[in-house]
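Asks: This structure is in structure tokens; I'll ask about it shortly.
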Amino acid sequence: MINNRAVQLVLGLFVLIGLALFSQWSGEPPATDRPTVRVADFDYYVLVLSWSPTHCASGAGRGRADDLQCRSGRPYGFVLHGLWPQYERGYPQDCASNEPRIVAKGVLDDVLKISPSEQLVQHEWEKHGMCSGLGQRDYFAAAARAFESVDLPPAYDAPRRPIATTPNEVRQAFLDANRVLEGDDVSATCSGNELAEIWICLDRKLAPRACSSEVRKRHCGGRKVHMLAVRGDWPSE
């Protein structure tokens, strides 16, 4: 006579076999093998270029803590802040991923050439990069391609004196230097009375596209602002 324990074991074995066969027939991996996030859920990118002197003049918890960017003696002007996945309204952030949270040293060393702050690179990866669906190296390679595709206006190369201007004038300078860009593709943002960043909207293939309305609203318009002089060690003339 078969006892209840044996019946339960046999039934349990049939259940496990059935689940395995179903998983195979359905073409889906078992739940334990599924990645947390692999398909990127966003509509476009915002490429953010930071005016380094404004950042370096910010409070003690921000710019003053960035020795590499603000105290290295390198005359940084516009630098890469980040490449942000964006929805038409809102944006994803702090996404779950199977990718490591800490940026690998080899990747970090490459990114620091255009985004000279270890803290910023790490922050950008955790908040934005992990939502891109890309691995670390591919994400920062995309950010580098986007950054290098933009020609910086010569007037902002490395000014030694502050520039009195307006966000509209700065945006127009970027449009003049990059004929593939249109007005709705670019916004200039401010921090108080100082120019802070340039935001350029790109599609998922990194081609220019119009920004959504909430990104365009960040543009500071025609008010007077300053672009602080670039810091750094200058060669003798």
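Ordering of the structure tokens sets the chain letters (A, B, ...); residue numbers start at 1 within each chain; ligands are numbered from 1 in the order shown.
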How would you write, as JSON, numbers by chain, the set of residues in segment 191-220 of chain A that DSSP gives as strand (DSSP E or B)?

Replies: {"A": [191, 194, 195, 196, 197, 198, 199, 200, 201, 202, 208]}

Asks: If you keep N, CA and C atoms, can you produce a file of those selected residues as a compact mmCIF listing (two decimals), in the first residue's frame?

Replies:
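Saved the output as part.txt:
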# COMPACT_ATOMS: atom_id res chain seq x y z
N SER A 191 21.34 79.16 -13.01
CA SER A 191 21.44 79.04 -11.56
C SER A 191 21.54 80.45 -11.02
N GLU A 194 23.36 83.23 -13.15
CA GLU A 194 24.48 82.67 -13.90
C GLU A 194 23.98 81.56 -14.82
N LEU A 195 24.58 81.48 -15.99
CA LEU A 195 24.25 80.37 -16.90
C LEU A 195 24.76 79.07 -16.28
N ALA A 196 23.94 78.05 -16.29
CA ALA A 196 24.31 76.78 -15.65
C ALA A 196 24.61 75.69 -16.68
N GLU A 197 23.63 75.40 -17.57
CA GLU A 197 23.77 74.24 -18.45
C GLU A 197 23.12 74.49 -19.81
N ILE A 198 23.55 73.72 -20.78
CA ILE A 198 22.89 73.61 -22.07
C ILE A 198 22.30 72.21 -22.16
N TRP A 199 21.01 72.13 -22.49
CA TRP A 199 20.32 70.85 -22.67
C TRP A 199 20.00 70.68 -24.15
N ILE A 200 20.44 69.56 -24.72
CA ILE A 200 20.22 69.27 -26.13
C ILE A 200 19.48 67.93 -26.23
N CYS A 201 18.36 67.93 -26.93
CA CYS A 201 17.53 66.73 -27.00
C CYS A 201 17.91 65.89 -28.22
N LEU A 202 18.02 64.59 -27.99
CA LEU A 202 18.44 63.64 -29.01
C LEU A 202 17.52 62.43 -28.98
N PRO A 208 19.49 64.75 -33.40
CA PRO A 208 18.72 65.84 -32.78
C PRO A 208 17.22 65.67 -32.98

Asks: Ser115 of chain A: which residues within 8 Å, counting only C-alpha atoms, same-chain residues fewer than 3 positions away excluded, as a ChimeraX atom specification?

Replies: /A:79-81,111-112,120-121

Asks: Which distance in Å separates atom CA of Glu88 of chain A and atom CA of Asp43 of chain A, to one decimal?

Replies: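 Between atom CA of Glu88 of chain A and atom CA of Asp43 of chain A the gap is 6.4 Å.
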
Asks: Which residues, written as a PDB file with all heavy atoms, in the first residue's frame, have at least one atom at most 12 Å from Arg231 of chain A, with only C-alpha atoms counted and residues fewer than 6 positions away on the same chain left out?

Replies:
ATOM      1  N   TRP A  51      28.256  74.317 -17.591  1.00  0.00           N
ATOM      2  CA  TRP A  51      29.272  75.367 -17.623  1.00  0.00           C
ATOM      3  C   TRP A  51      30.077  75.239 -16.333  1.00  0.00           C
ATOM      4  O   TRP A  51      29.622  75.572 -15.258  1.00  0.00           O
ATOM      5  CB  TRP A  51      28.633  76.743 -17.761  1.00  0.00           C
ATOM      6  CG  TRP A  51      29.634  77.860 -17.876  1.00  0.00           C
ATOM      7  CD1 TRP A  51      29.814  78.894 -17.017  1.00  0.00           C
ATOM      8  CD2 TRP A  51      30.589  78.046 -18.928  1.00  0.00           C
ATOM      9  NE1 TRP A  51      30.822  79.715 -17.454  1.00  0.00           N
ATOM     10  CE2 TRP A  51      31.319  79.218 -18.627  1.00  0.00           C
ATOM     11  CE3 TRP A  51      30.913  77.328 -20.079  1.00  0.00           C
ATOM     12  CZ2 TRP A  51      32.345  79.689 -19.441  1.00  0.00           C
ATOM     13  CZ3 TRP A  51      31.933  77.797 -20.892  1.00  0.00           C
ATOM     14  CH2 TRP A  51      32.640  78.963 -20.566  1.00  0.00           C
ATOM     15  N   SER A  52      31.272  74.702 -16.451  1.00  0.00           N
ATOM     16  CA  SER A  52      32.065  74.306 -15.296  1.00  0.00           C
ATOM     17  C   SER A  52      32.302  75.429 -14.288  1.00  0.00           C
ATOM     18  O   SER A  52      32.220  75.201 -13.070  1.00  0.00           O
ATOM     19  CB  SER A  52      33.403  73.722 -15.765  1.00  0.00           C
ATOM     20  OG  SER A  52      34.142  73.214 -14.681  1.00  0.00           O
ATOM     21  N   PRO A  53      32.591  76.671 -14.712  1.00  0.00           N
ATOM     22  CA  PRO A  53      32.815  77.729 -13.716  1.00  0.00           C
ATOM     23  C   PRO A  53      31.617  77.974 -12.799  1.00  0.00           C
ATOM     24  O   PRO A  53      31.798  78.282 -11.619  1.00  0.00           O
ATOM     25  CB  PRO A  53      33.124  78.959 -14.588  1.00  0.00           C
ATOM     26  CG  PRO A  53      33.696  78.390 -15.848  1.00  0.00           C
ATOM     27  CD  PRO A  53      32.911  77.137 -16.084  1.00  0.00           C
ATOM     28  N   THR A  54      30.398  77.843 -13.326  1.00  0.00           N
ATOM     29  CA  THR A  54      29.214  78.002 -12.473  1.00  0.00           C
ATOM     30  C   THR A  54      29.157  76.898 -11.430  1.00  0.00           C
ATOM     31  O   THR A  54      28.887  77.135 -10.248  1.00  0.00           O
ATOM     32  CB  THR A  54      27.930  77.995 -13.325  1.00  0.00           C
ATOM     33  OG1 THR A  54      27.965  79.100 -14.232  1.00  0.00           O
ATOM     34  CG2 THR A  54      26.685  78.107 -12.443  1.00  0.00           C
ATOM     35  N   HIS A  55      29.417  75.662 -11.863  1.00  0.00           N
ATOM     36  CA  HIS A  55      29.433  74.539 -10.923  1.00  0.00           C
ATOM     37  C   HIS A  55      30.495  74.746  -9.850  1.00  0.00           C
ATOM     38  O   HIS A  55      30.244  74.530  -8.662  1.00  0.00           O
ATOM     39  CB  HIS A  55      29.689  73.235 -11.672  1.00  0.00           C
ATOM     40  CG  HIS A  55      29.968  72.074 -10.780  1.00  0.00           C
ATOM     41  ND1 HIS A  55      29.004  71.471  -9.993  1.00  0.00           N
ATOM     42  CD2 HIS A  55      31.132  71.402 -10.515  1.00  0.00           C
ATOM     43  CE1 HIS A  55      29.534  70.486  -9.298  1.00  0.00           C
ATOM     44  NE2 HIS A  55      30.827  70.429  -9.597  1.00  0.00           N
ATOM     45  N   CYS A  56      31.677  75.175 -10.253  1.00  0.00           N
ATOM     46  CA  CYS A  56      32.782  75.301  -9.298  1.00  0.00           C
ATOM     47  C   CYS A  56      32.579  76.445  -8.313  1.00  0.00           C
ATOM     48  O   CYS A  56      33.199  76.462  -7.244  1.00  0.00           O
ATOM     49  CB  CYS A  56      34.100  75.480 -10.046  1.00  0.00           C
ATOM     50  SG  CYS A  56      34.638  73.990 -10.935  1.00  0.00           S
ATOM     51  N   ALA A  57      31.708  77.393  -8.656  1.00  0.00           N
ATOM     52  CA  ALA A  57      31.411  78.491  -7.746  1.00  0.00           C
ATOM     53  C   ALA A  57      30.253  78.178  -6.808  1.00  0.00           C
ATOM     54  O   ALA A  57      29.909  78.997  -5.954  1.00  0.00           O
ATOM     55  CB  ALA A  57      31.085  79.753  -8.544  1.00  0.00           C
ATOM     56  N   GLN A  69      37.731  68.679 -11.000  1.00  0.00           N
ATOM     57  CA  GLN A  69      37.139  69.632 -11.925  1.00  0.00           C
ATOM     58  C   GLN A  69      37.504  71.068 -11.584  1.00  0.00           C
ATOM     59  O   GLN A  69      37.723  71.881 -12.488  1.00  0.00           O
ATOM     60  CB  GLN A  69      35.613  69.480 -11.935  1.00  0.00           C
ATOM     61  CG  GLN A  69      34.910  70.408 -12.928  1.00  0.00           C
ATOM     62  CD  GLN A  69      33.438  70.086 -13.078  1.00  0.00           C
ATOM     63  OE1 GLN A  69      32.967  69.064 -12.598  1.00  0.00           O
ATOM     64  NE2 GLN A  69      32.712  70.955 -13.745  1.00  0.00           N
ATOM     65  N   CYS A  70      37.579  71.381 -10.306  1.00  0.00           N
ATOM     66  CA  CYS A  70      37.667  72.778  -9.889  1.00  0.00           C
ATOM     67  C   CYS A  70      39.026  73.208  -9.345  1.00  0.00           C
ATOM     68  O   CYS A  70      39.262  74.411  -9.186  1.00  0.00           O
ATOM     69  CB  CYS A  70      36.594  73.059  -8.841  1.00  0.00           C
ATOM     70  SG  CYS A  70      34.904  72.685  -9.413  1.00  0.00           S
ATOM     71  N   ARG A  71      39.921  72.284  -9.063  1.00  0.00           N
ATOM     72  CA  ARG A  71      41.204  72.653  -8.487  1.00  0.00           C
ATOM     73  C   ARG A  71      42.392  72.003  -9.187  1.00  0.00           C
ATOM     74  O   ARG A  71      43.508  72.075  -8.688  1.00  0.00           O
ATOM     75  CB  ARG A  71      41.240  72.274  -7.000  1.00  0.00           C
ATOM     76  CG  ARG A  71      40.275  73.061  -6.129  1.00  0.00           C
ATOM     77  CD  ARG A  71      40.437  72.692  -4.659  1.00  0.00           C
ATOM     78  NE  ARG A  71      39.603  73.493  -3.804  1.00  0.00           N
ATOM     79  CZ  ARG A  71      38.325  73.244  -3.550  1.00  0.00           C
ATOM     80  NH1 ARG A  71      37.757  72.181  -4.097  1.00  0.00           N
ATOM     81  NH2 ARG A  71      37.617  74.025  -2.762  1.00  0.00           N
ATOM     82  N   SER A  72      42.154  71.405 -10.325  1.00  0.00           N
ATOM     83  CA  SER A  72      43.237  70.698 -11.002  1.00  0.00           C
ATOM     84  C   SER A  72      44.118  71.614 -11.841  1.00  0.00           C
ATOM     85  O   SER A  72      45.178  71.201 -12.306  1.00  0.00           O
ATOM     86  CB  SER A  72      42.665  69.597 -11.904  1.00  0.00           C
ATOM     87  OG  SER A  72      41.954  70.174 -12.995  1.00  0.00           O
ATOM     88  N   GLY A  73      43.664  72.854 -12.045  1.00  0.00           N
ATOM     89  CA  GLY A  73      44.404  73.754 -12.907  1.00  0.00           C
ATOM     90  C   GLY A  73      44.030  73.654 -14.363  1.00  0.00           C
ATOM     91  O   GLY A  73      44.548  74.398 -15.200  1.00  0.00           O
ATOM     92  N   ARG A  74      43.130  72.722 -14.723  1.00  0.00           N
ATOM     93  CA  ARG A  74      42.678  72.582 -16.112  1.00  0.00           C
ATOM     94  C   ARG A  74      41.588  73.620 -16.400  1.00  0.00           C
ATOM     95  O   ARG A  74      40.653  73.773 -15.611  1.00  0.00           O
ATOM     96  CB  ARG A  74      42.129  71.178 -16.354  1.00  0.00           C
ATOM     97  CG  ARG A  74      43.148  70.054 -16.200  1.00  0.00           C
ATOM     98  CD  ARG A  74      44.054  69.960 -17.409  1.00  0.00           C
ATOM     99  NE  ARG A  74      43.304  69.685 -18.623  1.00  0.00           N
ATOM    100  CZ  ARG A  74      42.915  68.458 -18.994  1.00  0.00           C
ATOM    101  NH1 ARG A  74      43.191  67.395 -18.235  1.00  0.00           N
ATOM    102  NH2 ARG A  74      42.261  68.274 -20.127  1.00  0.00           N
ATOM    103  N   PRO A  75      41.685  74.337 -17.503  1.00  0.00           N
ATOM    104  CA  PRO A  75      40.692  75.375 -17.817  1.00  0.00           C
ATOM    105  C   PRO A  75      39.427  74.787 -18.432  1.00  0.00           C
ATOM    106  O   PRO A  75      39.207  74.821 -19.648  1.00  0.00           O
ATOM    107  CB  PRO A  75      41.433  76.273 -18.814  1.00  0.00           C
ATOM    108  CG  PRO A  75      42.393  75.355 -19.497  1.00  0.00           C
ATOM    109  CD  PRO A  75      42.799  74.330 -18.464  1.00  0.00           C
ATOM    110  N   TYR A  76      38.541  74.246 -17.602  1.00  0.00           N
ATOM    111  CA  TYR A  76      37.318  73.614 -18.094  1.00  0.00           C
ATOM    112  C   TYR A  76      36.237  74.662 -18.361  1.00  0.00           C
ATOM    113  O   TYR A  76      35.973  75.524 -17.520  1.00  0.00           O
ATOM    114  CB  TYR A  76      36.792  72.602 -17.079  1.00  0.00           C
ATOM    115  CG  TYR A  76      37.658  71.377 -16.939  1.00  0.00           C
ATOM    116  CD1 TYR A  76      38.314  71.098 -15.738  1.00  0.00           C
ATOM    117  CD2 TYR A  76      37.810  70.485 -17.991  1.00  0.00           C
ATOM    118  CE1 TYR A  76      39.095  69.956 -15.597  1.00  0.00           C
ATOM    119  CE2 TYR A  76      38.595  69.350 -17.867  1.00  0.00           C
ATOM    120  CZ  TYR A  76      39.228  69.102 -16.664  1.00  0.00           C
ATOM    121  OH  TYR A  76      40.005  67.975 -16.537  1.00  0.00           O
ATOM    122  N   GLY A  77      35.590  74.561 -19.523  1.00  0.00           N
ATOM    123  CA  GLY A  77      34.432  75.375 -19.854  1.00  0.00           C
ATOM    124  C   GLY A  77      33.189  74.514 -19.823  1.00  0.00           C
ATOM    125  O   GLY A  77      32.728  74.101 -18.773  1.00  0.00           O
ATOM    126  N   PHE A  78      32.638  74.197 -21.009  1.00  0.00           N
ATOM    127  CA  PHE A  78      31.514  73.262 -21.058  1.00  0.00           C
ATOM    128  C   PHE A  78      32.046  71.831 -20.947  1.00  0.00           C
ATOM    129  O   PHE A  78      32.959  71.433 -21.681  1.00  0.00           O
ATOM    130  CB  PHE A  78      30.729  73.411 -22.364  1.00  0.00           C
ATOM    131  CG  PHE A  78      29.728  74.535 -22.347  1.00  0.00           C
ATOM    132  CD1 PHE A  78      29.934  75.673 -23.104  1.00  0.00           C
ATOM    133  CD2 PHE A  78      28.593  74.450 -21.559  1.00  0.00           C
ATOM    134  CE1 PHE A  78      29.017  76.712 -23.090  1.00  0.00           C
ATOM    135  CE2 PHE A  78      27.665  75.490 -21.526  1.00  0.00           C
ATOM    136  CZ  PHE A  78      27.882  76.625 -22.300  1.00  0.00           C
ATOM    137  N   ASP A 157      34.932  78.925 -25.640  1.00  0.00           N
ATOM    138  CA  ASP A 157      36.007  77.940 -25.567  1.00  0.00           C
ATOM    139  C   ASP A 157      36.694  77.984 -24.210  1.00  0.00           C
ATOM    140  O   ASP A 157      36.794  76.980 -23.519  1.00  0.00           O
ATOM    141  CB  ASP A 157      37.012  78.178 -26.693  1.00  0.00           C
ATOM    142  CG  ASP A 157      38.122  77.145 -26.701  1.00  0.00           C
ATOM    143  OD1 ASP A 157      37.858  76.009 -26.266  1.00  0.00           O
ATOM    144  OD2 ASP A 157      39.239  77.470 -27.133  1.00  0.00           O
ATOM    145  N   ALA A 158      37.174  79.144 -23.816  1.00  0.00           N
ATOM    146  CA  ALA A 158      37.834  79.285 -22.512  1.00  0.00           C
ATOM    147  C   ALA A 158      37.979  80.768 -22.183  1.00  0.00           C
ATOM    148  O   ALA A 158      39.088  81.299 -22.133  1.00  0.00           O
ATOM    149  CB  ALA A 158      39.190  78.595 -22.508  1.00  0.00           C
ATOM    150  N   PRO A 159      36.864  81.468 -21.974  1.00  0.00           N
ATOM    151  CA  PRO A 159      36.954  82.912 -21.706  1.00  0.00           C
ATOM    152  C   PRO A 159      37.659  83.205 -20.375  1.00  0.00           C
ATOM    153  O   PRO A 159      37.391  82.563 -19.373  1.00  0.00           O
ATOM    154  CB  PRO A 159      35.483  83.348 -21.660  1.00  0.00           C
ATOM    155  CG  PRO A 159      34.727  82.116 -21.286  1.00  0.00           C
ATOM    156  CD  PRO A 159      35.467  80.982 -21.929  1.00  0.00           C
ATOM    157  N   ARG A 160      38.540  84.184 -20.408  1.00  0.00           N
ATOM    158  CA  ARG A 160      39.285  84.538 -19.197  1.00  0.00           C
ATOM    159  C   ARG A 160      38.574  85.602 -18.371  1.00  0.00           C
ATOM    160  O   ARG A 160      38.995  85.906 -17.256  1.00  0.00           O
ATOM    161  CB  ARG A 160      40.679  85.040 -19.584  1.00  0.00           C
ATOM    162  CG  ARG A 160      41.473  84.030 -20.403  1.00  0.00           C
ATOM    163  CD  ARG A 160      42.909  84.444 -20.509  1.00  0.00           C
ATOM    164  NE  ARG A 160      43.650  83.572 -21.409  1.00  0.00           N
ATOM    165  CZ  ARG A 160      44.968  83.570 -21.510  1.00  0.00           C
ATOM    166  NH1 ARG A 160      45.683  84.384 -20.740  1.00  0.00           N
ATOM    167  NH2 ARG A 160      45.592  82.765 -22.350  1.00  0.00           N
ATOM    168  N   ARG A 161      37.526  86.180 -18.939  1.00  0.00           N
ATOM    169  CA  ARG A 161      36.747  87.189 -18.230  1.00  0.00           C
ATOM    170  C   ARG A 161      35.265  86.796 -18.298  1.00  0.00           C
ATOM    171  O   ARG A 161      34.839  86.153 -19.254  1.00  0.00           O
ATOM    172  CB  ARG A 161      36.948  88.567 -18.850  1.00  0.00           C
ATOM    173  CG  ARG A 161      38.386  89.081 -18.712  1.00  0.00           C
ATOM    174  CD  ARG A 161      38.572  90.418 -19.426  1.00  0.00           C
ATOM    175  NE  ARG A 161      39.934  90.899 -19.278  1.00  0.00           N
ATOM    176  CZ  ARG A 161      40.949  90.504 -20.026  1.00  0.00           C
ATOM    177  NH1 ARG A 161      40.753  89.596 -20.984  1.00  0.00           N
ATOM    178  NH2 ARG A 161      42.170  90.996 -19.838  1.00  0.00           N
ATOM    179  N   PRO A 162      34.482  87.202 -17.308  1.00  0.00           N
ATOM    180  CA  PRO A 162      33.056  86.881 -17.341  1.00  0.00           C
ATOM    181  C   PRO A 162      32.388  87.460 -18.594  1.00  0.00           C
ATOM    182  O   PRO A 162      32.799  88.509 -19.108  1.00  0.00           O
ATOM    183  CB  PRO A 162      32.510  87.536 -16.072  1.00  0.00           C
ATOM    184  CG  PRO A 162      33.698  87.659 -15.172  1.00  0.00           C
ATOM    185  CD  PRO A 162      34.877  87.912 -16.069  1.00  0.00           C
TER     186      PRO A 162
END

Asks: What are the closest atom pairs, with distances in Å to one decimal, for all residues of segment 62-149 of chain A lying within 12 Å of segment 213-217 of chain A? Consider only C-alpha atoms, order rows by chain and residue number, and present the result as a Markdown table.

Replies:
| residue | atom | partner | partner_atom | distance |
| --- | --- | --- | --- | --- |
| A:Trp84 | CA | A:Val215 | CA | 11.7 |
| A:Gln86 | CA | A:Val215 | CA | 9.6 |
| A:Tyr87 | CA | A:Glu214 | CA | 10.1 |
| A:Glu88 | CA | A:Ser213 | CA | 8.1 |
| A:Arg89 | CA | A:Glu214 | CA | 6.9 |
| A:Gly90 | CA | A:Glu214 | CA | 8.0 |
| A:Tyr91 | CA | A:Val215 | CA | 10.7 |

Asks: Hey, can you check how far atom CA of Gly133 of chain A sits from atom CA of Pro100 of chain A?

Replies: 12.7 Å

Asks: What's the 10 Å shell around segment 136-148 of chain A, counting only C-alpha atoms, without same-chain residues fewer than 5 positions away, as a ChimeraX atom specification?

Replies: /A:45-49,79-84,99-104,106-108,110-111,113-115,121,124-125,128-131,200,202,204-208

Asks: Just the selected residues (C-alpha atoms), exported as a PDB file, in the first residue's frame, please.

Replies:
ATOM      1  CA  TYR A  45      17.759  61.498 -24.406  1.00  0.00           C
ATOM      2  CA  VAL A  46      18.714  64.875 -22.998  1.00  0.00           C
ATOM      3  CA  LEU A  47      22.404  65.650 -23.402  1.00  0.00           C
ATOM      4  CA  VAL A  48      23.386  68.014 -20.586  1.00  0.00           C
ATOM      5  CA  LEU A  49      26.481  70.223 -20.889  1.00  0.00           C
ATOM      6  CA  VAL A  79      31.849  69.677 -19.837  1.00  0.00           C
ATOM      7  CA  LEU A  80      29.607  66.635 -20.032  1.00  0.00           C
ATOM      8  CA  HIS A  81      27.144  66.557 -17.164  1.00  0.00           C
ATOM      9  CA  GLY A  82      25.170  63.566 -18.380  1.00  0.00           C
ATOM     10  CA  LEU A  83      23.037  61.777 -20.944  1.00  0.00           C
ATOM     11  CA  TRP A  84      19.555  61.433 -19.460  1.00  0.00           C
ATOM     12  CA  GLU A  99      24.695  45.992 -14.074  1.00  0.00           C
ATOM     13  CA  PRO A 100      27.162  46.827 -11.274  1.00  0.00           C
ATOM     14  CA  ARG A 101      26.327  50.024  -9.391  1.00  0.00           C
ATOM     15  CA  ILE A 102      29.970  51.070  -9.084  1.00  0.00           C
ATOM     16  CA  VAL A 103      31.509  52.399 -12.300  1.00  0.00           C
ATOM     17  CA  ALA A 104      34.489  50.266 -13.305  1.00  0.00           C
ATOM     18  CA  GLY A 106      38.627  51.499 -16.828  1.00  0.00           C
ATOM     19  CA  VAL A 107      35.300  53.078 -17.779  1.00  0.00           C
ATOM     20  CA  LEU A 108      35.741  55.883 -15.256  1.00  0.00           C
ATOM     21  CA  ASP A 110      37.799  57.271 -20.065  1.00  0.00           C
ATOM     22  CA  VAL A 111      34.761  59.313 -18.989  1.00  0.00           C
ATOM     23  CA  LYS A 113      38.325  63.152 -20.016  1.00  0.00           C
ATOM     24  CA  ILE A 114      35.009  64.879 -20.777  1.00  0.00           C
ATOM     25  CA  SER A 115      33.229  64.748 -17.415  1.00  0.00           C
ATOM     26  CA  VAL A 121      30.158  60.150 -13.146  1.00  0.00           C
ATOM     27  CA  GLU A 124      24.995  59.917 -13.368  1.00  0.00           C
ATOM     28  CA  TRP A 125      25.374  56.175 -13.797  1.00  0.00           C
ATOM     29  CA  HIS A 128      20.314  57.910 -15.235  1.00  0.00           C
ATOM     30  CA  GLY A 129      22.629  55.375 -16.870  1.00  0.00           C
ATOM     31  CA  MET A 130      21.068  52.351 -15.202  1.00  0.00           C
ATOM     32  CA  CYS A 131      17.758  53.336 -16.843  1.00  0.00           C
ATOM     33  CA  ILE A 200      20.215  69.266 -26.135  1.00  0.00           C
ATOM     34  CA  LEU A 202      18.443  63.637 -29.011  1.00  0.00           C
ATOM     35  CA  ARG A 204      17.521  57.119 -29.134  1.00  0.00           C
ATOM     36  CA  LYS A 205      19.939  56.989 -32.082  1.00  0.00           C
ATOM     37  CA  LEU A 206      21.523  60.254 -30.836  1.00  0.00           C
ATOM     38  CA  ALA A 207      20.126  62.384 -33.680  1.00  0.00           C
ATOM     39  CA  PRO A 208      18.724  65.839 -32.783  1.00  0.00           C
TER      40      PRO A 208
END

Asks: Nearest residue to Asn178 of chain A out of A:Ala40, A:Val225, A:Leu152, A:Ala164, using only C-alpha atoms?

Replies: A:Leu152

Asks: Go through A:Ala229, A:Ala177, A:Asn193, A:Gly183 one by one, measure the shortest atom-to-atom distance of each to Arg209 of chain A using only C-alpha atoms, and give the residue with the smallest value.

Replies: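 The answer is A:Gly183, which sits nearest to Arg209 of chain A.
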
Asks: Hey, which of A:Cys190, A:Gln119, A:Phe42, A:Ser50 ends up closest to Gln93 of chain A? Count only C-alpha atoms.

Replies: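 With only C-alpha atoms as the atom set, the closest residue is A:Phe42.
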
Asks: Once DSSP has gone over the backbone, tell me which residues of segment 103-231 of chain A are in alpha helix (DSSP H), as a PyMOL selection string.

Replies: chain A and resi 105-111+118-127+136-148+167-177+213-216

Asks: Could you write out the selected residues, including C-alpha atoms, as a PDB file, in the first residue's frame?

Replies:
ATOM      1  CA  LYS A 105      37.868  52.002 -13.124  1.00  0.00           C
ATOM      2  CA  GLY A 106      38.627  51.499 -16.828  1.00  0.00           C
ATOM      3  CA  VAL A 107      35.300  53.078 -17.779  1.00  0.00           C
ATOM      4  CA  LEU A 108      35.741  55.883 -15.256  1.00  0.00           C
ATOM      5  CA  ASP A 109      39.183  56.806 -16.555  1.00  0.00           C
ATOM      6  CA  ASP A 110      37.799  57.271 -20.065  1.00  0.00           C
ATOM      7  CA  VAL A 111      34.761  59.313 -18.989  1.00  0.00           C
ATOM      8  CA  GLU A 118      34.351  61.081 -10.191  1.00  0.00           C
ATOM      9  CA  GLN A 119      31.391  61.896  -7.961  1.00  0.00           C
ATOM     10  CA  LEU A 120      29.376  63.156 -10.932  1.00  0.00           C
ATOM     11  CA  VAL A 121      30.158  60.150 -13.146  1.00  0.00           C
ATOM     12  CA  GLN A 122      29.106  57.741 -10.398  1.00  0.00           C
ATOM     13  CA  HIS A 123      25.954  59.734  -9.681  1.00  0.00           C
ATOM     14  CA  GLU A 124      24.995  59.917 -13.368  1.00  0.00           C
ATOM     15  CA  TRP A 125      25.374  56.175 -13.797  1.00  0.00           C
ATOM     16  CA  GLU A 126      23.236  55.327 -10.772  1.00  0.00           C
ATOM     17  CA  LYS A 127      20.487  57.879 -11.435  1.00  0.00           C
ATOM     18  CA  GLN A 136      28.326  50.778 -18.335  1.00  0.00           C
ATOM     19  CA  ARG A 137      30.811  50.950 -21.190  1.00  0.00           C
ATOM     20  CA  ASP A 138      28.117  51.251 -23.879  1.00  0.00           C
ATOM     21  CA  TYR A 139      26.223  53.927 -21.951  1.00  0.00           C
ATOM     22  CA  PHE A 140      29.247  56.141 -21.415  1.00  0.00           C
ATOM     23  CA  ALA A 141      30.401  55.521 -24.990  1.00  0.00           C
ATOM     24  CA  ALA A 142      27.001  56.812 -26.154  1.00  0.00           C
ATOM     25  CA  ALA A 143      27.380  59.840 -23.882  1.00  0.00           C
ATOM     26  CA  ALA A 144      30.835  60.527 -25.334  1.00  0.00           C
ATOM     27  CA  ARG A 145      29.528  60.254 -28.918  1.00  0.00           C
ATOM     28  CA  ALA A 146      26.711  62.641 -28.134  1.00  0.00           C
ATOM     29  CA  PHE A 147      29.084  65.118 -26.463  1.00  0.00           C
ATOM     30  CA  GLU A 148      31.595  64.976 -29.314  1.00  0.00           C
ATOM     31  CA  PRO A 167      20.222  82.379 -22.356  1.00  0.00           C
ATOM     32  CA  ASN A 168      18.661  83.228 -25.721  1.00  0.00           C
ATOM     33  CA  GLU A 169      22.033  84.451 -27.003  1.00  0.00           C
ATOM     34  CA  VAL A 170      23.816  81.348 -25.735  1.00  0.00           C
ATOM     35  CA  ARG A 171      21.240  79.064 -27.323  1.00  0.00           C
ATOM     36  CA  GLN A 172      21.562  80.958 -30.611  1.00  0.00           C
ATOM     37  CA  ALA A 173      25.345  80.565 -30.484  1.00  0.00           C
ATOM     38  CA  PHE A 174      24.906  76.787 -30.228  1.00  0.00           C
ATOM     39  CA  LEU A 175      22.418  76.825 -33.118  1.00  0.00           C
ATOM     40  CA  ASP A 176      24.849  78.839 -35.242  1.00  0.00           C
ATOM     41  CA  ALA A 177      27.707  76.444 -34.463  1.00  0.00           C
ATOM     42  CA  SER A 213       7.434  70.976 -23.459  1.00  0.00           C
ATOM     43  CA  GLU A 214       8.597  70.426 -19.889  1.00  0.00           C
ATOM     44  CA  VAL A 215      12.255  70.471 -21.000  1.00  0.00           C
ATOM     45  CA  ARG A 216      11.709  73.575 -23.128  1.00  0.00           C
TER      46      ARG A 216
END
